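Visitor: Structure file coords-v1.cif (mmCIF, C-alpha atoms and all ligand atoms) right here:
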data_target
loop_
_atom_site.group_PDB
_atom_site.id
_atom_site.type_symbol
_atom_site.label_atom_id
_atom_site.label_comp_id
_atom_site.auth_asym_id
_atom_site.auth_seq_id
_atom_site.Cartn_x
_atom_site.Cartn_y
_atom_site.Cartn_z
ATOM 1 C CA MET K 1 5.697 1.033 49.005
ATOM 2 C CA ALA K 2 2.234 2.510 49.040
ATOM 3 C CA GLU K 3 2.056 4.929 46.170
ATOM 4 C CA ASP K 4 4.282 3.662 43.327
ATOM 5 C CA ASP K 5 3.119 1.973 40.139
ATOM 6 C CA ARG K 6 2.884 -1.542 41.587
ATOM 7 C CA PRO K 7 -0.717 -2.622 42.274
ATOM 8 C CA ILE K 8 -1.076 -2.255 46.030
ATOM 9 C CA ALA K 9 -2.787 -5.586 46.693
ATOM 10 C CA LEU K 10 -0.810 -7.822 44.316
ATOM 11 C CA ASP K 11 1.611 -9.316 46.859
ATOM 12 C CA ALA K 12 -1.142 -9.827 49.425
ATOM 13 C CA TYR K 13 -3.447 -11.661 47.001
ATOM 14 C CA GLU K 14 -0.605 -13.883 45.818
ATOM 15 C CA LYS K 15 -0.377 -15.073 49.436
ATOM 16 C CA LEU K 16 -4.150 -15.180 49.975
ATOM 17 C CA ALA K 17 -5.212 -16.825 46.709
ATOM 18 C CA GLU K 18 -5.378 -20.495 47.743
ATOM 19 C CA GLY K 19 -6.910 -19.766 51.150
ATOM 20 C CA TYR K 20 -9.416 -17.306 49.695
ATOM 21 C CA ALA K 21 -10.440 -19.830 47.032
ATOM 22 C CA ALA K 22 -10.932 -22.541 49.671
ATOM 23 C CA LYS K 23 -12.604 -20.522 52.428
ATOM 24 C CA ALA K 24 -14.555 -17.607 50.904
ATOM 25 C CA PRO K 25 -17.701 -19.612 50.032
ATOM 26 C CA ALA K 26 -18.188 -20.514 53.729
ATOM 27 C CA LYS K 27 -17.322 -17.046 55.093
ATOM 28 C CA ALA K 28 -20.079 -14.884 56.545
ATOM 29 C CA GLU K 29 -18.915 -11.846 54.557
ATOM 30 C CA ASN K 30 -18.467 -13.615 51.206
ATOM 31 C CA GLY K 31 -20.525 -16.784 50.798
ATOM 32 C CA TYR K 32 -23.385 -15.595 53.023
ATOM 33 C CA ASN K 33 -23.422 -11.920 52.095
ATOM 34 C CA GLU K 34 -21.634 -10.355 49.136
ATOM 35 C CA HIS K 35 -21.707 -13.397 46.830
ATOM 36 C CA PRO K 36 -25.479 -14.003 46.973
ATOM 37 C CA ALA K 37 -26.261 -10.254 46.961
ATOM 38 C CA MET K 38 -24.201 -9.665 43.806
ATOM 39 C CA ARG K 39 -25.793 -12.612 42.021
ATOM 40 C CA ARG K 40 -29.291 -11.440 42.951
ATOM 41 C CA VAL K 41 -28.636 -7.859 41.788
ATOM 42 C CA ILE K 42 -26.988 -9.040 38.553
ATOM 43 C CA GLY K 43 -30.005 -11.234 37.781
ATOM 44 C CA ASP K 44 -30.496 -12.925 34.446
ATOM 45 C CA VAL K 45 -27.386 -13.104 32.250
ATOM 46 C CA ALA K 46 -28.568 -15.626 29.667
ATOM 47 C CA GLY K 47 -27.111 -14.745 26.286
ATOM 48 C CA LEU K 48 -25.083 -11.778 27.588
ATOM 49 C CA ARG K 49 -21.450 -10.972 26.922
ATOM 50 C CA VAL K 50 -19.935 -10.268 30.346
ATOM 51 C CA PHE K 51 -16.624 -8.891 31.631
ATOM 52 C CA ASP K 52 -15.616 -9.768 35.237
ATOM 53 C CA ALA K 53 -13.129 -7.176 36.540
ATOM 54 C CA GLY K 54 -10.963 -8.551 39.357
ATOM 55 C CA CYS K 55 -12.315 -12.090 39.118
ATOM 56 C CA GLY K 56 -10.241 -13.618 41.942
ATOM 57 C CA PRO K 57 -10.532 -17.418 41.886
ATOM 58 C CA GLY K 58 -13.436 -17.177 39.454
ATOM 59 C CA PHE K 59 -16.486 -17.819 41.637
ATOM 60 C CA LEU K 60 -18.639 -15.250 39.854
ATOM 61 C CA THR K 61 -17.117 -16.015 36.448
ATOM 62 C CA ARG K 62 -18.107 -19.692 36.827
ATOM 63 C CA ASP K 63 -21.602 -18.867 38.116
ATOM 64 C CA LEU K 64 -22.352 -16.524 35.236
ATOM 65 C CA LEU K 65 -21.226 -19.138 32.720
ATOM 66 C CA ASP K 66 -23.461 -21.684 34.438
ATOM 67 C CA LYS K 67 -26.358 -19.201 34.195
ATOM 68 C CA GLY K 68 -26.027 -19.036 30.423
ATOM 69 C CA ALA K 69 -23.824 -16.003 29.720
ATOM 70 C CA ALA K 70 -22.845 -16.159 26.064
ATOM 71 C CA PHE K 71 -19.249 -15.050 26.646
ATOM 72 C CA LEU K 72 -17.138 -14.338 29.723
ATOM 73 C CA ALA K 73 -13.909 -12.350 29.790
ATOM 74 C CA ALA K 74 -12.176 -11.688 33.097
ATOM 75 C CA VAL K 75 -9.028 -10.134 34.519
ATOM 76 C CA ASP K 76 -7.167 -10.235 37.790
ATOM 77 C CA VAL K 77 -3.848 -8.723 38.825
ATOM 78 C CA SER K 78 -2.699 -11.814 40.747
ATOM 79 C CA PRO K 79 -1.184 -14.660 38.685
ATOM 80 C CA ALA K 80 -2.276 -17.140 41.379
ATOM 81 C CA MET K 81 -5.871 -15.894 41.123
ATOM 82 C CA VAL K 82 -5.753 -16.071 37.313
ATOM 83 C CA ARG K 83 -4.592 -19.710 37.541
ATOM 84 C CA LEU K 84 -7.402 -20.567 39.980
ATOM 85 C CA ALA K 85 -10.035 -18.745 37.889
ATOM 86 C CA THR K 86 -8.851 -20.443 34.713
ATOM 87 C CA ALA K 87 -9.104 -23.858 36.387
ATOM 88 C CA ARG K 88 -12.584 -23.061 37.740
ATOM 89 C CA ALA K 89 -14.032 -21.489 34.607
ATOM 90 C CA GLY K 90 -12.440 -23.892 32.119
ATOM 91 C CA GLU K 91 -12.662 -23.289 28.404
ATOM 92 C CA GLY K 92 -15.688 -21.056 28.682
ATOM 93 C CA ALA K 93 -13.896 -17.904 29.806
ATOM 94 C CA ASP K 94 -11.132 -15.723 28.407
ATOM 95 C CA ILE K 95 -9.084 -14.811 31.500
ATOM 96 C CA HIS K 96 -6.171 -12.349 31.462
ATOM 97 C CA LEU K 97 -3.582 -11.114 33.926
ATOM 98 C CA ALA K 98 -4.165 -7.350 34.068
ATOM 99 C CA ASP K 99 -4.200 -4.356 36.386
ATOM 100 C CA LEU K 100 -7.543 -2.530 36.501
ATOM 101 C CA ALA K 101 -5.636 0.728 36.995
ATOM 102 C CA LYS K 102 -4.317 0.444 33.427
ATOM 103 C CA PRO K 103 -6.023 0.415 30.017
ATOM 104 C CA MET K 104 -6.961 -3.056 28.737
ATOM 105 C CA PRO K 105 -6.329 -2.895 24.969
ATOM 106 C CA PHE K 106 -6.962 -6.647 24.595
ATOM 107 C CA LEU K 107 -10.670 -5.973 25.231
ATOM 108 C CA GLU K 108 -12.677 -4.774 22.248
ATOM 109 C CA THR K 109 -14.726 -1.578 22.183
ATOM 110 C CA ASP K 110 -18.558 -1.888 22.440
ATOM 111 C CA ASP K 111 -18.173 -5.654 22.955
ATOM 112 C CA PHE K 112 -19.939 -6.324 26.279
ATOM 113 C CA ASP K 113 -23.512 -6.099 27.574
ATOM 114 C CA LEU K 114 -22.491 -6.232 31.229
ATOM 115 C CA VAL K 115 -19.422 -5.482 33.360
ATOM 116 C CA VAL K 116 -19.366 -7.022 36.843
ATOM 117 C CA SER K 117 -16.769 -6.442 39.529
ATOM 118 C CA SER K 118 -16.868 -7.971 42.965
ATOM 119 C CA LEU K 119 -14.808 -6.340 45.749
ATOM 120 C CA ALA K 120 -11.848 -5.559 43.462
ATOM 121 C CA ILE K 121 -11.974 -1.904 42.374
ATOM 122 C CA ASP K 122 -11.490 -0.930 46.033
ATOM 123 C CA TYR K 123 -7.780 -1.598 45.458
ATOM 124 C CA VAL K 124 -7.437 1.049 42.717
ATOM 125 C CA ARG K 125 -6.947 4.610 43.909
ATOM 126 C CA ASP K 126 -7.993 6.479 40.757
ATOM 127 C CA TRP K 127 -11.154 5.033 39.244
ATOM 128 C CA ARG K 128 -11.054 7.179 36.084
ATOM 129 C CA THR K 129 -9.106 4.598 34.043
ATOM 130 C CA PRO K 130 -11.126 1.496 34.979
ATOM 131 C CA LEU K 131 -14.440 3.328 34.642
ATOM 132 C CA SER K 132 -13.517 4.811 31.248
ATOM 133 C CA GLU K 133 -12.421 1.337 30.141
ATOM 134 C CA PHE K 134 -15.786 -0.066 31.280
ATOM 135 C CA VAL K 135 -17.534 2.673 29.265
ATOM 136 C CA ARG K 136 -15.380 1.873 26.211
ATOM 137 C CA ILE K 137 -15.956 -1.889 26.238
ATOM 138 C CA LEU K 138 -19.694 -1.711 27.025
ATOM 139 C CA ARG K 139 -22.156 -1.358 24.180
ATOM 140 C CA PRO K 140 -24.454 1.693 24.318
ATOM 141 C CA GLY K 141 -26.995 1.057 27.078
ATOM 142 C CA GLY K 142 -24.664 -1.482 28.712
ATOM 143 C CA ARG K 143 -24.744 -2.173 32.455
ATOM 144 C CA LEU K 144 -22.149 -2.066 35.242
ATOM 145 C CA VAL K 145 -22.752 -3.890 38.539
ATOM 146 C CA PHE K 146 -19.973 -3.701 41.105
ATOM 147 C CA SER K 147 -19.496 -4.157 44.814
ATOM 148 C CA VAL K 148 -17.244 -2.265 47.201
ATOM 149 C CA GLN K 149 -16.625 -2.080 50.913
ATOM 150 C CA HIS K 150 -19.276 0.092 52.541
ATOM 151 C CA PRO K 151 -17.634 3.252 53.942
ATOM 152 C CA THR K 152 -19.326 2.682 57.308
ATOM 153 C CA ALA K 153 -17.617 -0.683 57.723
ATOM 154 C CA SER K 154 -14.317 0.243 56.096
ATOM 155 C CA TYR K 155 -14.028 3.346 58.286
ATOM 156 C CA GLU K 156 -14.061 1.049 61.284
ATOM 157 C CA TRP K 157 -12.001 -1.754 59.674
ATOM 158 C CA LEU K 158 -9.298 0.312 57.917
ATOM 159 C CA LYS K 159 -9.105 3.185 60.413
ATOM 160 C CA PRO K 160 -8.331 5.961 57.881
ATOM 161 C CA PRO K 161 -7.188 9.345 59.193
ATOM 162 C CA SER K 162 -10.448 10.924 57.966
ATOM 163 C CA ALA K 163 -13.851 9.624 56.870
ATOM 164 C CA PHE K 164 -13.695 12.023 53.895
ATOM 165 C CA GLY K 165 -11.685 11.268 50.767
ATOM 166 C CA VAL K 166 -9.564 8.312 49.645
ATOM 167 C CA HIS K 167 -6.848 6.983 51.968
ATOM 168 C CA TYR K 168 -4.205 4.289 51.645
ATOM 169 C CA CYS K 169 -4.507 1.915 54.616
ATOM 170 C CA GLU K 170 -3.149 -1.469 55.646
ATOM 171 C CA VAL K 171 -4.873 -4.148 57.650
ATOM 172 C CA LYS K 172 -3.929 -7.682 58.727
ATOM 173 C CA TRP K 173 -6.103 -10.531 57.463
ATOM 174 C CA THR K 174 -5.950 -13.625 59.637
ATOM 175 C CA SER K 175 -8.767 -15.891 58.525
ATOM 176 C CA PHE K 176 -7.682 -17.146 55.086
ATOM 177 C CA THR K 177 -4.099 -18.245 55.831
ATOM 178 C CA ASP K 178 -2.079 -19.787 58.685
ATOM 179 C CA GLN K 179 0.129 -16.682 58.884
ATOM 180 C CA PRO K 180 -1.471 -13.200 58.909
ATOM 181 C CA VAL K 181 -1.256 -11.317 55.601
ATOM 182 C CA THR K 182 -0.971 -7.521 55.508
ATOM 183 C CA VAL K 183 -3.457 -6.293 52.918
ATOM 184 C CA PRO K 184 -3.072 -2.744 51.557
ATOM 185 C CA ASP K 185 -6.380 -1.150 50.680
ATOM 186 C CA TYR K 186 -8.048 2.199 50.016
ATOM 187 C CA TYR K 187 -10.703 3.673 52.245
ATOM 188 C CA ARG K 188 -13.219 5.610 50.083
ATOM 189 C CA SER K 189 -15.962 7.881 51.328
ATOM 190 C CA PHE K 190 -19.460 7.661 49.850
ATOM 191 C CA GLU K 191 -18.959 10.608 47.472
ATOM 192 C CA GLU K 192 -15.667 9.070 46.264
ATOM 193 C CA ILE K 193 -17.615 5.941 45.279
ATOM 194 C CA VAL K 194 -20.650 7.537 43.665
ATOM 195 C CA ASN K 195 -19.257 10.650 41.944
ATOM 196 C CA PRO K 196 -16.633 8.901 39.743
ATOM 197 C CA VAL K 197 -19.360 6.565 38.440
ATOM 198 C CA LEU K 198 -21.569 9.534 37.510
ATOM 199 C CA ALA K 199 -18.609 11.459 36.047
ATOM 200 C CA ALA K 200 -17.769 8.493 33.802
ATOM 201 C CA GLY K 201 -21.221 8.803 32.207
ATOM 202 C CA PHE K 202 -23.206 6.125 34.027
ATOM 203 C CA ARG K 203 -26.683 6.602 35.448
ATOM 204 C CA ILE K 204 -26.981 4.911 38.848
ATOM 205 C CA ALA K 205 -30.142 2.824 38.818
ATOM 206 C CA ARG K 206 -29.835 1.498 42.368
ATOM 207 C CA ILE K 207 -27.502 1.158 45.335
ATOM 208 C CA GLU K 208 -27.854 -1.805 47.666
ATOM 209 C CA GLU K 209 -26.335 -2.077 51.135
ATOM 210 C CA THR K 210 -25.950 -5.831 51.361
ATOM 211 C CA ARG K 211 -27.296 -7.981 54.201
ATOM 212 C CA PRO K 212 -26.477 -11.581 55.083
ATOM 213 C CA LEU K 213 -28.624 -14.528 54.058
ATOM 214 C CA PRO K 214 -31.129 -15.569 56.768
ATOM 215 C CA GLU K 215 -29.471 -19.006 57.060
ATOM 216 C CA LEU K 216 -26.341 -17.377 58.528
ATOM 217 C CA GLN K 217 -28.322 -16.767 61.740
ATOM 218 C CA ALA K 218 -28.143 -20.453 62.713
ATOM 219 C CA ILE K 219 -24.553 -20.898 61.521
ATOM 220 C CA ASN K 220 -22.975 -17.782 63.017
ATOM 221 C CA PRO K 221 -25.434 -15.693 65.089
ATOM 222 C CA TYR K 222 -22.795 -13.106 66.026
ATOM 223 C CA LYS K 223 -21.818 -12.395 62.400
ATOM 224 C CA PHE K 224 -25.454 -12.504 61.320
ATOM 225 C CA HIS K 225 -26.463 -9.865 63.847
ATOM 226 C CA ARG K 226 -23.458 -7.693 63.154
ATOM 227 C CA ASN K 227 -23.747 -7.770 59.360
ATOM 228 C CA ASP K 228 -27.526 -7.397 59.509
ATOM 229 C CA THR K 229 -27.275 -4.207 61.575
ATOM 230 C CA PHE K 230 -24.047 -2.687 60.219
ATOM 231 C CA PRO K 231 -23.572 -2.477 56.436
ATOM 232 C CA THR K 232 -20.404 -4.219 55.243
ATOM 233 C CA PHE K 233 -20.636 -3.910 51.452
ATOM 234 C CA MET K 234 -22.554 -1.950 48.879
ATOM 235 C CA ILE K 235 -23.476 -2.762 45.313
ATOM 236 C CA ILE K 236 -23.817 -0.106 42.617
ATOM 237 C CA ASP K 237 -26.078 -0.965 39.692
ATOM 238 C CA ALA K 238 -25.368 1.511 36.886
ATOM 239 C CA GLN K 239 -26.240 1.888 33.228
ATOM 240 C CA LEU K 240 -24.980 3.736 30.177
ATOM 241 C CA SER K 241 -27.491 5.731 28.164
HETATM 242 C C1 LIG K 301 -11.619 -9.712 47.625
HETATM 243 S S1 LIG K 301 -10.959 -10.443 46.173
HETATM 244 C C2 LIG K 301 -12.441 -10.641 45.225
HETATM 245 C C3 LIG K 301 -12.298 -11.694 44.177
HETATM 246 C C4 LIG K 301 -13.576 -12.054 43.407
HETATM 247 N N1 LIG K 301 -14.086 -10.931 42.659
HETATM 248 C C5 LIG K 301 -14.598 -12.609 44.360
HETATM 249 O O1 LIG K 301 -15.570 -11.931 44.646
HETATM 250 O O2 LIG K 301 -14.416 -13.725 44.828
HETATM 251 C C6 LIG K 301 -10.188 -9.054 45.371
HETATM 252 C C7 LIG K 301 -9.552 -9.411 44.032
HETATM 253 O O3 LIG K 301 -9.144 -8.197 43.382
HETATM 254 C C8 LIG K 301 -7.921 -8.446 42.738
HETATM 255 N N2 LIG K 301 -7.249 -7.164 42.506
HETATM 256 C C9 LIG K 301 -6.705 -6.340 43.433
HETATM 257 N N3 LIG K 301 -6.158 -5.266 42.836
HETATM 258 C C10 LIG K 301 -6.378 -5.412 41.492
HETATM 259 C C11 LIG K 301 -6.045 -4.618 40.355
HETATM 260 N N4 LIG K 301 -5.384 -3.468 40.479
HETATM 261 N N5 LIG K 301 -6.404 -5.077 39.139
HETATM 262 C C12 LIG K 301 -7.073 -6.269 39.003
HETATM 263 N N6 LIG K 301 -7.419 -7.049 40.050
HETATM 264 C C13 LIG K 301 -7.081 -6.626 41.281
HETATM 265 C C14 LIG K 301 -7.186 -9.359 43.710
HETATM 266 O O4 LIG K 301 -6.080 -10.019 43.116
HETATM 267 C C15 LIG K 301 -8.302 -10.270 44.164
HETATM 268 O O5 LIG K 301 -8.414 -11.403 43.333
#
What's the structure tokens form of this structure?
Ligand SMILES: C[S@@+](CC[C@H](N)C(=O)[O-])C[C@H]1O[C@@H](n2cnc3c(N)ncnc32)[C@H](O)[C@@H]1O
Guide:
Amino acid sequence: MAEDDRPIALDAYEKLAEGYAAKAPAKAENGYNEHPAMRRVIGDVAGLRVFDAGCGPGFLTRDLLDKGAAFLAAVDVSPAMVRLATARAGEGADIHLADLAKPMPFLETDDFDLVVSSLAIDYVRDWRTPLSEFVRILRPGGRLVFSVQHPTASYEWLKPPSAFGVHYCEVKWTSFTDQPVTVPDYYRSFEEIVNPVLAAGFRIARIEETRPLPELQAINPYKFHRNDTFPTFMIIDAQLS
């Protein structure tokens, strides 16, 4: 059931939600790499109205509230993730169950200063709808910061039939749950990441290939070396004119 209307990763994240919420902060790839890199690139959010697209259990949503964001809205496609994010973020955030592949009419036009999205848009094949929704809900001059799997790592991890283009793939995740979970995903080449962002009307200010925190070296030297020499994720920092 790869190419019908059902979000490809919904069933997998329903199974992963509790384990991901419990284990991601201590994982080399999340807590020691993508999480701190995203927060550093996002920077100061005091007073900003922020939308978190694909919020998962709400780690970033909670952090941005704690850093003084004026308003947080968030969506995720997994009901289990929405429950976890709602519990974590409390009253401060407006969290909806929604598919990023579809329009989000419950979000107002020109209402946000910043859209953030952490490792979620990877699971949407056609980025035109989410990116045009981000353009619609951002005020003029608004900013989009999102992370994706780096094509170098996902080429090795997902084993697509070609390193060009966008390819549906499946891979077994074993580290968040007792039983392995098959996670459908899309491999995307570099041009398939960058060009849709430009076509949507954003200017790309910066791309960062994330590296692990130095403290990972003592905790997990193998993962530190690997993720410090082989890019796992990238962050796109983009702006509307
Ligand atoms: C790797 S997790 C990242 C969660 C969170 N952003 C974080 O960094 O902890 C990917 C998230 O994307 C969500 N997701 C996958 N496909 C989605 C879609 N089509 N629309 C909205 N969320 C989606 C999953 O349910 C999951 O919570």
Visitor: Which one of K:Leu144, K:Ala26, K:Ala12, K:Ala93 sits closest to ligand LIG 301 (chain K) if you count all atoms listed in the file?
Guide: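 The shortest atom-to-atom distance to ligand LIG 301 (chain K) comes from K:Ala12.
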Visitor: If you measure from atom CA of K:Leu16 to atom CA of K:Ser118, what distance in Å do you get, rounded to one decimal?
Guide: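 These atoms are spaced 16.2 Å apart.
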Visitor: Mind listing as a list in words all residues within 12 Å of (3.5, -14.5, 39.5), counting all atoms listed in the file?
Guide: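 So the residues meeting the distance criterion are Leu10, Asp11, Ala12, Tyr13, Glu14, Lys15, Ala17, Asp76, Val77, Ser78, Pro79, Ala80, Met81, Val82, Arg83, Leu97 and Ala98 of chain K.
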Visitor: Evaluating the PyMOL selection byres (((chain K and resi 229) around 12) and not hetatm) on the displayed file yields which residues, as a ChimeraX atom specification?
Guide: /K:152-153,209-212,222-228,230-232
Visitor: Between atom O5 of ligand LIG 301 (chain K) and atom CA of K:Gly201, what distance in Å does the model show, to one decimal?
Guide: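 Computing it gives 26.4 Å between the two atoms.
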Visitor: Just so the selection is clear, what residues does the PyMOL selection byres (((not hetatm)) within 7 of (chain K and resi 301)) cover here, as an NGL selection string?
Guide: :K and (7-10 or 13 or 35 or 53-60 or 75-78 or 81 or 98-101 or 117-121 or 123-124)
Visitor: Generate a file of the selected residues that holds C-alpha atoms, formatted as a PDB file, in the frame of the given file.
Guide:
ATOM      1  CA  PRO K   7      -0.717  -2.622  42.274  1.00  0.00           C
ATOM      2  CA  ILE K   8      -1.076  -2.255  46.030  1.00  0.00           C
ATOM      3  CA  ALA K   9      -2.787  -5.586  46.693  1.00  0.00           C
ATOM      4  CA  LEU K  10      -0.810  -7.822  44.316  1.00  0.00           C
ATOM      5  CA  TYR K  13      -3.447 -11.661  47.001  1.00  0.00           C
ATOM      6  CA  HIS K  35     -21.707 -13.397  46.830  1.00  0.00           C
ATOM      7  CA  ALA K  53     -13.129  -7.176  36.540  1.00  0.00           C
ATOM      8  CA  GLY K  54     -10.963  -8.551  39.357  1.00  0.00           C
ATOM      9  CA  CYS K  55     -12.315 -12.090  39.118  1.00  0.00           C
ATOM     10  CA  GLY K  56     -10.241 -13.618  41.942  1.00  0.00           C
ATOM     11  CA  PRO K  57     -10.532 -17.418  41.886  1.00  0.00           C
ATOM     12  CA  GLY K  58     -13.436 -17.177  39.454  1.00  0.00           C
ATOM     13  CA  PHE K  59     -16.486 -17.819  41.637  1.00  0.00           C
ATOM     14  CA  LEU K  60     -18.639 -15.250  39.854  1.00  0.00           C
ATOM     15  CA  VAL K  75      -9.028 -10.134  34.519  1.00  0.00           C
ATOM     16  CA  ASP K  76      -7.167 -10.235  37.790  1.00  0.00           C
ATOM     17  CA  VAL K  77      -3.848  -8.723  38.825  1.00  0.00           C
ATOM     18  CA  SER K  78      -2.699 -11.814  40.747  1.00  0.00           C
ATOM     19  CA  MET K  81      -5.871 -15.894  41.123  1.00  0.00           C
ATOM     20  CA  ALA K  98      -4.165  -7.350  34.068  1.00  0.00           C
ATOM     21  CA  ASP K  99      -4.200  -4.356  36.386  1.00  0.00           C
ATOM     22  CA  LEU K 100      -7.543  -2.530  36.501  1.00  0.00           C
ATOM     23  CA  ALA K 101      -5.636   0.728  36.995  1.00  0.00           C
ATOM     24  CA  SER K 117     -16.769  -6.442  39.529  1.00  0.00           C
ATOM     25  CA  SER K 118     -16.868  -7.971  42.965  1.00  0.00           C
ATOM     26  CA  LEU K 119     -14.808  -6.340  45.749  1.00  0.00           C
ATOM     27  CA  ALA K 120     -11.848  -5.559  43.462  1.00  0.00           C
ATOM     28  CA  ILE K 121     -11.974  -1.904  42.374  1.00  0.00           C
ATOM     29  CA  TYR K 123      -7.780  -1.598  45.458  1.00  0.00           C
ATOM     30  CA  VAL K 124      -7.437   1.049  42.717  1.00  0.00           C
TER      31      VAL K 124
END
Visitor: Find the residue from K:Glu215, K:Asp113, K:Asp94, K:Glu34 that sits nearest to K:Thr61; use all atoms listed in the file when measuring.
Guide: K:Asp94
Visitor: Using all atoms listed in the file, can you tell me which of K:Val194, K:Ala89, K:Ala28, K:Ala200 comes closest to K:Ser147?
Guide: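 Closest residue, counting all atoms listed in the file: K:Val194.
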Visitor: Got a sec: who's within 9 Å of K:Leu48, counting only C-alpha atoms, leaving out chain neighbours fewer than 2 positions off, as a ChimeraX atom specification?
Guide: /K:44-46,50,68-72,112-114
Visitor: Could you check how far atom CA of K:Asp63 sits from atom CA of K:Arg39, in Å to one decimal?
Guide: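 Taking atom CA of K:Asp63 as the start and atom CA of K:Arg39 as the end point, the length is 8.5 Å.
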Visitor: With only C-alpha atoms as the basis for distance, which of K:Tyr186, K:Leu65, K:Phe51, K:Asn33 is at the shortest distance from K:Ala163?
Guide: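 Closest to K:Ala163 of all the choices is K:Tyr186.
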Visitor: Near K:Asp122, within 9 Å and counting all atoms listed in the file, which residues show up once chain neighbours fewer than 4 positions away are dropped, as a ChimeraX atom specification?
Guide: /K:147-149,185-188
Visitor: Put a box with edges along x, y and z around all the listed atoms of stretch 79-95 of chain K, pad it by 4 Å on each side, then give me its centre and sizes in Å, one decimal, as AutoDock Vina command-line options.
Guide:
--center_x -8.4 --center_y -19.3 --center_z 34.9 --size_x 22.5 --size_y 17.2 --size_z 21.0
Visitor: For a quick check of understanding, using only C-alpha atoms, which of K:Pro161, K:Ser154, K:Arg49, K:Val135 has the smallest distance to K:Gln239?
Guide: K:Val135
Visitor: When distances are computed from all atoms listed in the file, which of K:Arg88, K:Val116, K:Pro184, K:Thr177 shows the smallest separation from K:Arg62?
Guide: K:Arg88
